[in-house]
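Q: Next comes the structure file input02.csv, holding CSV, C-alpha atoms and all ligand atoms.
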```csv
chain,number,residue,atom,x,y,z
A,1,MET,CA,64.4,-9.1,37.9
A,2,SER,CA,62.7,-6.0,36.4
A,3,ARG,CA,61.5,-5.9,32.8
A,4,SER,CA,64.1,-3.3,31.9
A,5,GLU,CA,66.9,-5.4,33.4
A,6,ARG,CA,65.7,-8.3,31.2
A,7,LYS,CA,65.7,-6.1,28.1
A,8,TRP,CA,69.4,-5.4,28.7
A,9,ASP,CA,70.1,-9.1,29.4
A,10,HIS,CA,68.7,-9.9,26.0
A,11,ILE,CA,71.0,-7.5,24.3
A,12,ARG,CA,74.0,-8.6,26.3
A,13,PHE,CA,73.4,-12.3,25.6
A,14,ALA,CA,72.5,-11.6,21.9
A,15,LEU,CA,75.9,-10.0,21.5
A,16,GLU,CA,77.5,-13.2,22.7
A,17,ASN,CA,75.1,-15.5,20.9
A,18,ARG,CA,77.0,-17.5,18.3
A,19,GLN,CA,75.0,-18.0,15.1
A,20,ASN,CA,76.1,-21.6,14.8
A,21,HIS,CA,73.0,-23.4,13.5
A,22,SER,CA,72.0,-23.7,9.9
A,23,SER,CA,69.5,-21.4,8.3
A,24,ALA,CA,69.5,-23.9,5.4
A,25,PHE,CA,70.9,-21.4,2.9
A,26,ASP,CA,73.9,-23.7,2.2
A,27,ASP,CA,71.4,-26.2,0.6
A,28,ILE,CA,70.3,-23.6,-2.0
A,29,LYS,CA,72.3,-23.0,-5.2
A,30,PHE,CA,71.4,-20.5,-7.9
A,31,ILE,CA,71.8,-21.8,-11.5
A,32,HIS,CA,74.5,-19.7,-13.3
A,33,GLN,CA,73.2,-17.7,-16.3
A,34,GLY,CA,75.8,-16.9,-19.0
A,35,LEU,CA,73.5,-14.5,-20.8
A,36,PRO,CA,71.7,-12.4,-18.2
A,37,ASN,CA,71.1,-9.6,-20.8
A,38,ILE,CA,71.0,-6.8,-18.2
A,39,GLY,CA,73.5,-4.4,-16.5
A,40,VAL,CA,74.1,-3.4,-12.9
A,41,PHE,CA,72.2,-0.1,-13.5
A,42,ASP,CA,69.0,-1.9,-14.6
A,43,VAL,CA,68.6,-3.4,-11.1
A,44,GLY,CA,66.1,-1.8,-8.7
A,45,LEU,CA,65.8,-3.0,-5.1
A,46,ASP,CA,62.5,-1.3,-4.3
A,47,HIS,CA,59.5,-3.6,-3.6
A,48,GLU,CA,56.0,-3.7,-2.3
A,49,ILE,CA,54.8,-5.9,0.5
A,50,GLY,CA,51.4,-6.2,2.1
A,51,GLY,CA,50.5,-2.6,1.1
A,52,LEU,CA,53.8,-1.1,2.2
A,53,TYR,CA,56.2,0.4,-0.4
A,54,LEU,CA,59.8,-0.4,0.6
A,55,SER,CA,62.9,1.2,-1.0
A,56,SER,CA,64.9,-1.8,0.0
A,57,PRO,CA,63.9,-5.4,0.6
A,58,ILE,CA,66.1,-5.4,3.8
A,59,PHE,CA,64.6,-4.1,7.1
A,60,ILE,CA,65.8,-3.8,10.6
A,61,ASN,CA,63.9,-6.3,12.6
A,62,ALA,CA,62.4,-5.8,16.1
A,63,MET,CA,65.0,-5.6,18.9
A,64,THR,CA,64.6,-3.2,21.7
A,65,GLY,CA,63.0,-0.4,23.7
A,66,GLY,CA,61.6,-0.4,27.2
A,67,GLY,CA,64.9,-0.7,29.1
A,68,GLY,CA,65.6,2.9,29.9
A,69,ASP,CA,68.4,5.1,28.5
A,70,LYS,CA,70.5,2.2,27.0
A,71,THR,CA,67.7,1.0,24.9
A,72,TYR,CA,66.7,4.6,24.0
A,73,ARG,CA,70.2,5.1,22.6
A,74,ILE,CA,70.1,1.9,20.5
A,75,ASN,CA,66.7,2.7,19.1
A,76,LYS,CA,67.8,6.3,18.3
A,77,GLU,CA,70.9,5.1,16.5
A,78,LEU,CA,69.0,2.4,14.6
A,79,ALA,CA,66.4,5.0,13.5
A,80,ILE,CA,69.3,7.2,12.2
A,81,VAL,CA,70.7,4.3,10.3
A,82,ALA,CA,67.2,3.4,8.9
A,83,LYS,CA,66.6,7.0,7.8
A,84,ASN,CA,70.0,7.4,6.1
A,85,THR,CA,69.8,4.0,4.3
A,86,GLY,CA,66.1,4.0,3.5
A,87,LEU,CA,65.4,0.9,5.5
A,88,THR,CA,62.2,0.0,7.2
A,89,MET,CA,62.6,-0.5,11.0
A,90,ALA,CA,60.6,-2.4,13.6
A,91,VAL,CA,60.9,-1.5,17.3
A,92,GLY,CA,61.1,-4.1,20.1
A,93,SER,CA,58.0,-5.2,22.1
A,94,GLN,CA,56.2,-2.1,23.3
A,95,MET,CA,54.4,-3.9,26.2
A,96,ALA,CA,57.0,-2.3,28.5
A,97,ALA,CA,55.8,1.2,27.6
A,98,LEU,CA,52.1,0.2,27.8
A,99,LYS,CA,52.7,-1.1,31.3
A,100,ASP,CA,55.0,1.8,32.3
A,101,ASN,CA,54.5,5.2,30.7
A,102,SER,CA,58.0,6.3,31.7
A,103,GLN,CA,59.4,4.0,29.0
A,104,ARG,CA,57.5,5.6,26.1
A,105,TYR,CA,60.5,7.8,25.1
A,106,THR,CA,62.6,4.7,24.3
A,107,TYR,CA,60.3,3.9,21.4
A,108,GLU,CA,59.0,7.4,20.5
A,109,VAL,CA,62.6,8.4,19.6
A,110,VAL,CA,62.4,6.2,16.5
A,111,ARG,CA,59.6,8.3,14.9
A,112,LYS,CA,61.2,11.5,16.1
A,113,GLU,CA,64.5,10.7,14.3
A,114,ASN,CA,62.8,9.4,11.2
A,115,PRO,CA,59.5,11.4,10.7
A,116,SER,CA,58.8,10.0,7.2
A,117,GLY,CA,60.3,6.5,7.4
A,118,VAL,CA,58.4,3.2,7.4
A,119,ILE,CA,58.3,2.2,11.1
A,120,ILE,CA,56.7,-1.0,12.5
A,121,ALA,CA,55.2,-1.4,16.0
A,122,ASN,CA,55.6,-4.6,18.0
A,123,LEU,CA,53.7,-6.5,20.6
A,124,GLY,CA,53.3,-10.2,21.7
A,125,SER,CA,50.3,-12.3,21.0
A,126,GLU,CA,49.0,-11.6,24.6
A,127,ALA,CA,48.1,-8.1,23.4
A,128,SER,CA,44.5,-6.9,23.2
A,129,VAL,CA,43.1,-4.6,20.4
A,130,GLU,CA,43.5,-1.6,22.8
A,131,ASP,CA,47.1,-2.5,23.3
A,132,ALA,CA,47.6,-2.8,19.5
A,133,LYS,CA,46.1,0.6,18.8
A,134,ALA,CA,48.1,2.2,21.6
A,135,ALA,CA,51.4,0.7,20.3
A,136,ILE,CA,50.6,1.9,16.7
A,137,ASP,CA,49.7,5.4,18.0
A,138,MET,CA,52.8,5.6,20.2
A,139,ILE,CA,55.2,5.7,17.1
A,140,GLU,CA,52.7,6.5,14.4
A,141,ALA,CA,53.5,3.1,13.0
A,142,ASP,CA,52.9,2.1,9.3
A,143,ALA,CA,52.4,-1.6,10.3
A,144,LEU,CA,52.2,-3.7,13.5
A,145,GLN,CA,54.2,-6.9,14.2
A,146,ILE,CA,52.7,-9.5,16.6
A,147,HIS,CA,55.4,-11.9,17.7
A,148,LEU,CA,54.9,-15.5,18.6
A,149,ASN,CA,57.6,-16.7,21.0
A,150,VAL,CA,56.4,-19.9,22.7
A,151,ILE,CA,59.8,-21.5,23.0
A,152,GLN,CA,61.4,-18.2,24.3
A,153,GLU,CA,58.6,-17.8,27.0
A,154,LEU,CA,58.9,-21.5,28.0
A,155,THR,CA,62.6,-21.2,28.4
A,156,MET,CA,62.5,-17.8,30.1
A,157,PRO,CA,62.5,-18.4,33.9
A,158,GLU,CA,59.8,-15.8,34.5
A,159,GLY,CA,58.1,-16.4,31.1
A,160,ASP,CA,54.4,-17.1,30.2
A,161,ARG,CA,53.1,-20.7,30.5
A,162,ASP,CA,49.7,-20.3,29.0
A,163,PHE,CA,49.4,-19.7,25.2
A,164,SER,CA,45.6,-20.2,24.8
A,165,GLY,CA,43.5,-17.8,22.8
A,166,ALA,CA,46.4,-16.2,20.8
A,167,LEU,CA,44.9,-17.0,17.4
A,168,LYS,CA,41.6,-15.4,18.4
A,169,ARG,CA,43.3,-12.3,19.7
A,170,ILE,CA,45.3,-12.0,16.5
A,171,GLU,CA,42.1,-12.4,14.4
A,172,THR,CA,40.5,-9.5,16.3
A,173,ILE,CA,43.6,-7.3,16.0
A,174,VAL,CA,43.8,-7.9,12.2
A,175,LYS,CA,40.1,-6.9,11.9
A,176,GLU,CA,40.4,-3.8,14.0
A,177,ALA,CA,43.8,-2.4,13.4
A,178,ASN,CA,44.1,0.5,10.8
A,179,VAL,CA,47.5,-0.7,9.5
A,180,PRO,CA,48.8,-4.0,8.0
A,181,VAL,CA,49.5,-6.7,10.7
A,182,ILE,CA,52.5,-8.9,10.4
A,183,VAL,CA,52.7,-12.0,12.5
A,184,LYS,CA,56.3,-13.0,13.2
A,185,GLU,CA,58.3,-15.6,15.0
A,186,VAL,CA,61.5,-14.8,16.9
A,187,GLY,CA,63.9,-17.5,15.7
A,188,PHE,CA,62.0,-20.8,15.8
A,189,GLY,CA,60.4,-20.6,12.4
A,190,MET,CA,56.8,-21.1,11.1
A,191,GLY,CA,55.6,-24.3,9.5
A,192,LEU,CA,52.6,-25.1,7.3
A,193,GLU,CA,50.3,-25.7,10.3
A,194,THR,CA,51.0,-22.3,11.9
A,195,VAL,CA,50.8,-20.4,8.7
A,196,LYS,CA,47.6,-22.1,7.6
A,197,LYS,CA,46.0,-21.1,11.0
A,198,LEU,CA,47.1,-17.5,10.6
A,199,SER,CA,45.9,-17.3,7.0
A,200,SER,CA,42.5,-18.7,8.0
A,201,VAL,CA,41.9,-15.8,10.4
A,202,GLY,CA,42.8,-13.1,7.8
A,203,VAL,CA,46.6,-12.6,8.4
A,204,LYS,CA,48.1,-11.4,5.1
A,205,VAL,CA,51.8,-11.1,6.1
A,206,VAL,CA,54.0,-13.5,8.1
A,207,ASP,CA,57.6,-13.1,9.0
A,208,VAL,CA,58.9,-16.7,9.5
A,209,GLY,CA,61.6,-15.8,12.0
A,210,GLY,CA,63.4,-19.1,11.3
A,211,SER,CA,66.2,-20.9,13.2
A,212,GLY,CA,69.8,-20.4,12.3
A,213,GLY,CA,70.3,-16.9,13.6
A,214,THR,CA,69.7,-15.4,17.1
A,215,ASN,CA,68.8,-18.3,19.3
A,216,PHE,CA,66.4,-17.2,22.2
A,217,ALA,CA,66.5,-20.7,23.7
A,218,GLU,CA,70.3,-20.4,24.2
A,219,ILE,CA,69.8,-16.8,25.5
A,220,GLU,CA,67.1,-17.7,28.0
A,221,ASN,CA,68.9,-20.9,29.1
A,222,LYS,CA,71.8,-18.7,30.2
A,223,ARG,CA,69.3,-17.0,32.6
A,224,ARG,CA,68.1,-20.3,34.1
A,225,ASP,CA,69.6,-22.4,36.9
A,226,LYS,CA,68.9,-25.7,35.1
A,227,ALA,CA,68.9,-25.3,31.3
A,228,LEU,CA,66.2,-26.7,29.0
A,229,SER,CA,69.0,-27.6,26.6
A,230,PHE,CA,66.7,-29.5,24.1
A,231,PHE,CA,65.2,-26.2,23.1
A,232,ASN,CA,68.6,-25.0,21.9
A,233,GLN,CA,68.3,-27.2,18.8
A,234,TRP,CA,64.5,-26.5,18.3
A,235,GLY,CA,63.0,-24.9,15.3
A,236,ILE,CA,62.5,-24.7,11.6
A,237,PRO,CA,65.5,-23.4,9.6
A,238,THR,CA,64.8,-20.1,7.9
A,239,GLY,CA,65.1,-21.4,4.3
A,240,VAL,CA,62.8,-24.3,5.0
A,241,SER,CA,60.3,-22.0,6.8
A,242,ILE,CA,60.2,-19.5,3.9
A,243,LEU,CA,59.4,-22.4,1.5
A,244,GLU,CA,56.7,-23.9,3.8
A,245,ALA,CA,55.1,-20.5,4.5
A,246,SER,CA,55.0,-19.5,0.8
A,247,SER,CA,53.5,-22.8,-0.2
A,248,VAL,CA,50.4,-22.1,1.8
A,249,SER,CA,48.7,-19.3,-0.2
A,250,GLU,CA,49.5,-17.0,-3.1
A,251,GLN,CA,47.6,-14.3,-1.3
A,252,LEU,CA,50.1,-14.4,1.6
A,253,SER,CA,53.2,-12.1,1.7
A,254,VAL,CA,56.1,-13.8,3.4
A,255,ILE,CA,59.0,-12.1,5.1
A,256,GLY,CA,62.2,-14.1,5.6
A,257,SER,CA,64.2,-13.6,8.8
A,258,GLY,CA,66.5,-15.6,11.1
A,259,GLY,CA,70.3,-15.7,10.5
A,260,PHE,CA,70.7,-13.5,7.4
A,261,LYS,CA,74.3,-12.3,7.2
A,262,SER,CA,75.2,-11.5,3.6
A,263,GLY,CA,73.8,-10.3,0.3
A,264,HIS,CA,74.0,-14.0,-0.9
A,265,ASP,CA,71.8,-15.1,2.0
A,266,ILE,CA,69.3,-12.3,1.2
A,267,ALA,CA,69.2,-13.2,-2.5
A,268,LYS,CA,68.5,-16.8,-1.6
A,269,GLY,CA,65.7,-15.9,0.9
A,270,LEU,CA,64.0,-13.7,-1.7
A,271,ALA,CA,64.4,-16.3,-4.4
A,272,LEU,CA,62.8,-18.9,-2.1
A,273,GLY,CA,59.7,-16.8,-1.9
A,274,ALA,CA,60.3,-14.1,0.7
A,275,ASN,CA,59.1,-10.5,-0.3
A,276,ALA,CA,61.5,-8.9,2.2
A,277,VAL,CA,64.2,-9.9,4.6
A,278,GLY,CA,64.5,-8.9,8.3
A,279,MET,CA,67.8,-8.7,10.1
A,280,ALA,CA,68.4,-8.2,13.8
A,281,GLY,CA,71.2,-10.2,15.4
A,282,TYR,CA,73.7,-9.4,12.6
A,283,PHE,CA,73.2,-5.6,12.8
A,284,LEU,CA,73.2,-5.3,16.7
A,285,PRO,CA,77.0,-6.0,17.4
A,286,ILE,CA,78.0,-3.8,14.4
A,287,LEU,CA,76.0,-0.9,15.8
A,288,ILE,CA,77.1,-1.4,19.4
A,289,LYS,CA,80.8,-2.1,18.8
A,290,GLU,CA,81.4,0.0,15.7
A,291,GLY,CA,78.7,2.6,15.5
A,292,VAL,CA,76.2,4.2,13.1
A,293,GLU,CA,78.6,4.9,10.2
A,294,VAL,CA,80.0,1.4,10.0
A,295,LEU,CA,76.5,-0.1,10.2
A,296,GLN,CA,75.4,2.2,7.3
A,297,GLN,CA,78.4,1.1,5.3
A,298,GLU,CA,77.5,-2.6,6.0
A,299,ILE,CA,74.0,-2.0,4.8
A,300,GLU,CA,75.3,-0.3,1.6
A,301,ALA,CA,77.6,-3.3,1.1
A,302,LEU,CA,74.6,-5.7,1.4
A,303,HIS,CA,72.7,-3.7,-1.2
A,304,TYR,CA,75.8,-3.8,-3.5
A,305,GLU,CA,76.2,-7.6,-3.1
A,306,LEU,CA,72.5,-8.1,-3.8
A,307,THR,CA,72.7,-5.9,-6.9
A,308,MET,CA,75.7,-7.9,-8.2
A,309,ILE,CA,73.9,-11.3,-7.7
A,310,MET,CA,70.7,-10.0,-9.3
A,311,THR,CA,72.7,-8.7,-12.3
A,312,ALA,CA,74.4,-12.2,-12.6
A,313,LEU,CA,71.0,-13.8,-12.6
A,314,GLY,CA,69.4,-11.4,-15.0
A,315,ALA,CA,66.9,-10.1,-12.3
A,316,LYS,CA,66.0,-6.5,-12.7
A,317,THR,CA,63.5,-6.5,-9.8
A,318,ILE,CA,62.8,-8.4,-6.6
A,319,SER,CA,59.9,-9.9,-8.4
A,320,ASP,CA,62.3,-11.2,-11.1
A,321,LEU,CA,64.6,-12.6,-8.5
A,322,ARG,CA,61.7,-14.6,-7.1
A,323,LYS,CA,61.6,-16.5,-10.4
A,324,ALA,CA,65.4,-17.2,-10.6
A,325,PRO,CA,66.0,-21.0,-11.1
A,326,LEU,CA,67.8,-22.7,-8.2
A,327,ILE,CA,68.5,-26.1,-6.8
A,328,ILE,CA,67.3,-27.2,-3.3
A,329,SER,CA,69.4,-30.1,-2.0
A,330,GLY,CA,70.6,-31.9,1.2
A,331,GLU,CA,68.5,-32.0,4.4
A,332,THR,CA,66.3,-29.1,3.1
A,333,TYR,CA,65.3,-31.2,0.1
A,334,HIS,CA,64.4,-34.2,2.3
A,335,TRP,CA,62.5,-32.1,4.8
A,336,LEU,CA,60.4,-30.5,2.1
A,337,HIS,CA,59.8,-33.8,0.3
A,338,GLN,CA,58.4,-35.3,3.5
A,339,ARG,CA,56.3,-32.2,4.1
A,340,GLY,CA,54.7,-32.3,0.6
A,341,VAL,CA,56.4,-29.1,-0.7
A,342,ASP,CA,57.4,-29.7,-4.3
A,343,THR,CA,61.0,-28.4,-5.0
A,344,LYS,CA,61.1,-29.2,-8.7
A,345,PRO,CA,59.4,-26.0,-10.0
A,346,PHE,CA,62.2,-24.0,-8.4
A,347,ALA,CA,64.8,-25.8,-10.5
A,348,GLN,CA,62.8,-25.5,-13.8
A,349,ARG,CA,61.4,-22.0,-13.7
A,350,SER,CA,63.0,-19.0,-15.4
A,351,ILE,CA,62.9,-15.2,-15.3
A,352,LYS,CA,61.8,-14.8,-18.9
A,401,LIG,C1,64.9,-9.6,19.3
A,401,LIG,N1,63.7,-10.1,18.6
A,401,LIG,C2,62.5,-9.5,19.0
A,401,LIG,N2,61.4,-9.8,18.3
A,401,LIG,C3,60.2,-9.3,18.6
A,401,LIG,O1,59.3,-9.5,17.9
A,401,LIG,N3,60.1,-8.5,19.7
A,401,LIG,C4,61.1,-8.1,20.5
A,401,LIG,O2,61.0,-7.4,21.4
A,401,LIG,C5,62.4,-8.7,20.1
A,401,LIG,N4,63.5,-8.5,20.9
A,401,LIG,C6,64.8,-8.8,20.5
A,401,LIG,C7,65.9,-8.4,21.2
A,401,LIG,C8,67.2,-8.7,20.7
A,401,LIG,C9,68.4,-8.2,21.4
A,401,LIG,C10,67.3,-9.5,19.5
A,401,LIG,C11,68.7,-9.8,18.9
A,401,LIG,C12,66.2,-9.9,18.8
A,401,LIG,C13,63.8,-11.1,17.6
A,401,LIG,C14,64.2,-10.5,16.2
A,401,LIG,O3,63.2,-9.6,15.7
A,401,LIG,C15,64.3,-11.7,15.2
A,401,LIG,O4,63.0,-12.3,15.0
A,401,LIG,C16,65.3,-12.8,15.6
A,401,LIG,O5,66.4,-12.2,16.3
A,401,LIG,C17,65.8,-13.6,14.5
A,401,LIG,O6,66.5,-12.8,13.5
A,401,LIG,P1,68.1,-12.6,13.5
A,401,LIG,O7,68.5,-12.0,14.8
A,401,LIG,O8,68.7,-14.0,13.4
A,401,LIG,O9,68.4,-11.7,12.3
```
Starting from the file, lay out its structure as structure tokens.
Ligand code: FNR

A:
Amino acid sequence: MSRSERKWDHIRFALENRQNHSSAFDDIKFIHQGLPNIGVFDVGLDHEIGGLYLSSPIFINAMTGGGGDKTYRINKELAIVAKNTGLTMAVGSQMAALKDNSQRYTYEVVRKENPSGVIIANLGSEASVEDAKAAIDMIEADALQIHLNVIQELTMPEGDRDFSGALKRIETIVKEANVPVIVKEVGFGMGLETVKKLSSVGVKVVDVGGSGGTNFAEIENKRRDKALSFFNQWGIPTGVSILEASSVSEQLSVIGSGGFKSGHDIAKGLALGANAVGMAGYFLPILIKEGVEVLQQEIEALHYELTMIMTALGAKTISDLRKAPLIISGETYHWLHQRGVDTKPFAQRSIK
């Protein structure tokens, strides 16, 4: 199967992928505030992360490119949505265009449609420094994502089987790239061990890409003769992963992603310690089945919901929201307790 056929398979199966695992958001409850002392118009959603200024904490996470006209059209439409709503947007892995020049247009369209937007390049951890620089140049990117996708590759029939040297390559790219580097997962989460290793080689921003949303084990298992079904349940739920990652170092910026579907999920992700929230699988079917306008309306609805929740909590800024008191219960509490992450400060803190 060609790379471009595989790209289309991913989109087709992602559209069918039921988001039926927990992202752990149900275990999080905000503490109601009867005297928030602010109004809706006091709330601002702009925020800074790893040197990037974002007008919204929500961004469109990496999905596609490299699969000919169909992926060109998706990237073009996502770029229009990003421009009209002020969202940052990441493109899918650009390795396809580095291997085959004829695929460059499927990514370049994103910068063409949105000349002054914040756009993020994307490659896997097999990439060299030269690859990283070429991917950044291709779309004049403001940042670069390097994705870690061990479980996806192992489940993919034609996937990689050797993951050695990835941390060293990431270290070199962080040193040599002229834009911020974000290391991300694709739906299996990042735990303390992974984040500590990344932090030790100079990575300043991680996107946890936790489980509970798009499930690449299920997607790749559909493409196998004999499924590796144990990987379908693999991974660290997004809420847990945000908490583990943000406990590693104050210097590290954490992005939450994996299964976000509502303003309430987004507020919880930010309050748990994320500086921004990436969404992929939730946006894709809205765009493909209902089009640009409906996706834009949905993003405005998410901004509205987030503003309402922030008002209720007395949070004028995303930084305030990250201090809102909340209770962590259920399996998430037990997991964190065993992993040595203290949940009590979340319940006892306050915005002012
Ligand atoms: C992805 N994702 C992804 N990630 C990445 O770093 N490079 C890529 O090329 C792709 N390709 C891709 C294709 C499709 C169709 C989907 C739905 C997703 C993963 C994505 O960025 C994100 O990490 C996961 O999908 C988890 O987030 P959601 O989908 O649960 O919001």

Q: Can you pull out every residue with an atom within 8 Å of ligand LIG 401 (chain A)? Use all atoms listed in the file and format it as a compact mmCIF listing (two decimals) with C-alpha atoms, in the frame of the given file.

A:
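Result file is part-v8.txt:
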```
# COMPACT_ATOMS: atom_id res chain seq x y z
CA LYS A 7 65.70 -6.10 28.10
CA TRP A 8 69.40 -5.40 28.70
CA HIS A 10 68.70 -9.90 26.00
CA ILE A 11 71.00 -7.50 24.30
CA ARG A 12 74.00 -8.60 26.30
CA PHE A 13 73.40 -12.30 25.60
CA ALA A 14 72.50 -11.60 21.90
CA LEU A 15 75.90 -10.00 21.50
CA GLN A 19 75.00 -18.00 15.10
CA ASN A 61 63.90 -6.30 12.60
CA ALA A 62 62.40 -5.80 16.10
CA MET A 63 65.00 -5.60 18.90
CA THR A 64 64.60 -3.20 21.70
CA GLY A 65 63.00 -0.40 23.70
CA ALA A 90 60.60 -2.40 13.60
CA VAL A 91 60.90 -1.50 17.30
CA GLY A 92 61.10 -4.10 20.10
CA SER A 93 58.00 -5.20 22.10
CA GLN A 94 56.20 -2.10 23.30
CA ASN A 122 55.60 -4.60 18.00
CA LEU A 123 53.70 -6.50 20.60
CA GLY A 124 53.30 -10.20 21.70
CA GLN A 145 54.20 -6.90 14.20
CA ILE A 146 52.70 -9.50 16.60
CA HIS A 147 55.40 -11.90 17.70
CA LEU A 148 54.90 -15.50 18.60
CA LYS A 184 56.30 -13.00 13.20
CA GLU A 185 58.30 -15.60 15.00
CA VAL A 186 61.50 -14.80 16.90
CA GLY A 187 63.90 -17.50 15.70
CA GLY A 209 61.60 -15.80 12.00
CA GLY A 210 63.40 -19.10 11.30
CA SER A 211 66.20 -20.90 13.20
CA GLY A 212 69.80 -20.40 12.30
CA GLY A 213 70.30 -16.90 13.60
CA THR A 214 69.70 -15.40 17.10
CA ASN A 215 68.80 -18.30 19.30
CA PHE A 216 66.40 -17.20 22.20
CA SER A 257 64.20 -13.60 8.80
CA GLY A 258 66.50 -15.60 11.10
CA GLY A 259 70.30 -15.70 10.50
CA PHE A 260 70.70 -13.50 7.40
CA LYS A 261 74.30 -12.30 7.20
CA GLY A 278 64.50 -8.90 8.30
CA MET A 279 67.80 -8.70 10.10
CA ALA A 280 68.40 -8.20 13.80
CA GLY A 281 71.20 -10.20 15.40
CA TYR A 282 73.70 -9.40 12.60
CA PHE A 283 73.20 -5.60 12.80
CA LEU A 284 73.20 -5.30 16.70
```

Q: Smallest atom-to-atom distance to Met1 in chain A: which of A:Leu306, A:Met156, A:Val195, A:Leu272, using only C-alpha atoms?

A: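 Among A:Leu306, A:Met156, A:Val195, A:Leu272, it is A:Met156 that comes nearest to Met1 in chain A.
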
Q: CA of Phe230 in chain A to CA of Ala245 in chain A: how many Å, to one decimal?

A: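 CA of Ala245 in chain A lies 24.5 Å from CA of Phe230 in chain A.
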
Q: Of the residues A:Ile58, A:Val205, A:Val240, A:Ala315, which is the one nearest to Met190 in chain A, using only C-alpha atoms?

A: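 Among A:Ile58, A:Val205, A:Val240, A:Ala315, it is A:Val240 that comes nearest to Met190 in chain A.
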
Q: Please provide as a list in words all residues within 9 Å of Leu295 in chain A, with the sequence filter that same-chain residues fewer than 3 positions apart are discarded (counting all atoms listed in the file).

A: Val81, Phe283, Leu284, Ile286, Leu287, Glu290, Gly291, Val292, Glu298, Ile299 and Glu300 of chain A

Q: If I take CA of Glu77 in chain A and CA of Ile288 in chain A, how far is one from the other in Å, to one decimal?

A: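 Atom-to-atom, CA of Glu77 in chain A to CA of Ile288 in chain A, that is 9.4 Å.
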
Q: With only C-alpha atoms as the counted atoms, please give the residues lying no more than 10 Å from Gly68 in chain A, apart from itself and same-chain residues fewer than 6 positions off, as a list in words.

A: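 Surrounding residues, per the criterion: Ser4, Glu5, Lys7, Trp8, Ser102, Gln103, Arg104, Tyr105 and Thr106 of chain A.
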
Q: Could you tell me which of A:Thr317, A:Ser128, A:Ser229, A:Gln297 comes closest to Leu270 in chain A if we count only C-alpha atoms?

A: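 Once distances to Leu270 in chain A are computed over only C-alpha atoms, the minimum belongs to A:Thr317.
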
Q: Considering all atoms listed in the file, can you say which of A:Ser319, A:Asn114, A:Asn275, A:Ser241 comes closest to Gly189 in chain A?

A: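 Of A:Ser319, A:Asn114, A:Asn275, A:Ser241, the one nearest Gly189 in chain A, counting all atoms listed in the file, is A:Ser241.
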
Q: Nearest to Ala276 in chain A: which of A:Arg169, A:His47, A:Lys197, A:Arg339 is it, counting all atoms listed in the file?

A: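 Among the listed residues, the smallest separation from Ala276 in chain A belongs to A:His47.
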
Q: So, with only C-alpha atoms as the atoms that count, which of A:Val110, A:Val277, A:Leu54, A:Ile31 lies closest to Ile74 in chain A?

A: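 Of all the options, A:Val110 lies closest to Ile74 in chain A.
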
Q: State, in Å with one decimal place, the distance from CA of Lys29 in chain A to CA of Leu326 in chain A.

A: 5.4 Å

Q: Please write as a list in words the list of polymer residues whose atoms come within 9 Å of (69.6, 1.5, 8.8), counting all atoms listed in the file and keeping to the coordinates of the file.

A: Phe59, Ile60, Glu77, Leu78, Ala79, Ile80, Val81, Ala82, Lys83, Asn84, Thr85, Gly86, Leu87, Thr88, Met89, Phe283, Val292, Leu295, Gln296 and Ile299 of chain A

Q: Could you give me, as a list in words, the residues within 9 Å of Lys323 in chain A, counting only C-alpha atoms and dropping anything in the same chain fewer than 5 positions from it?

A: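 Contacts, with the query itself left out: Ala271, Leu272, Gly273, Ala315, Phe346, Arg349, Ser350, Ile351 and Lys352 of chain A.
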
Q: List the spatial neighbours of range 41-46 of chain A as a ChimeraX atom specification - criterion: any atom at most 9 Å away, all atoms listed in the file, same-chain residues fewer than 2 positions off excluded.

A: /A:38-39,48,53-57,303,306-308,310-311,314-318

Q: Quick one: everything within 10 Å of Leu336 in chain A, counting only C-alpha atoms, minus sequence neighbours fewer than 4 positions away in the same chain. Send it as a tab-separated table (two decimals) with C-alpha atoms, in the frame of the given file.

A:
```
chain	number	residue	atom	x	y	z
A	240	VAL	CA	62.80	-24.30	5.00
A	241	SER	CA	60.30	-22.00	6.80
A	243	LEU	CA	59.40	-22.40	1.50
A	244	GLU	CA	56.70	-23.90	3.80
A	328	ILE	CA	67.30	-27.20	-3.30
A	329	SER	CA	69.40	-30.10	-2.00
A	331	GLU	CA	68.50	-32.00	4.40
A	332	THR	CA	66.30	-29.10	3.10
A	340	GLY	CA	54.70	-32.30	0.60
A	341	VAL	CA	56.40	-29.10	-0.70
A	342	ASP	CA	57.40	-29.70	-4.30
A	343	THR	CA	61.00	-28.40	-5.00
```
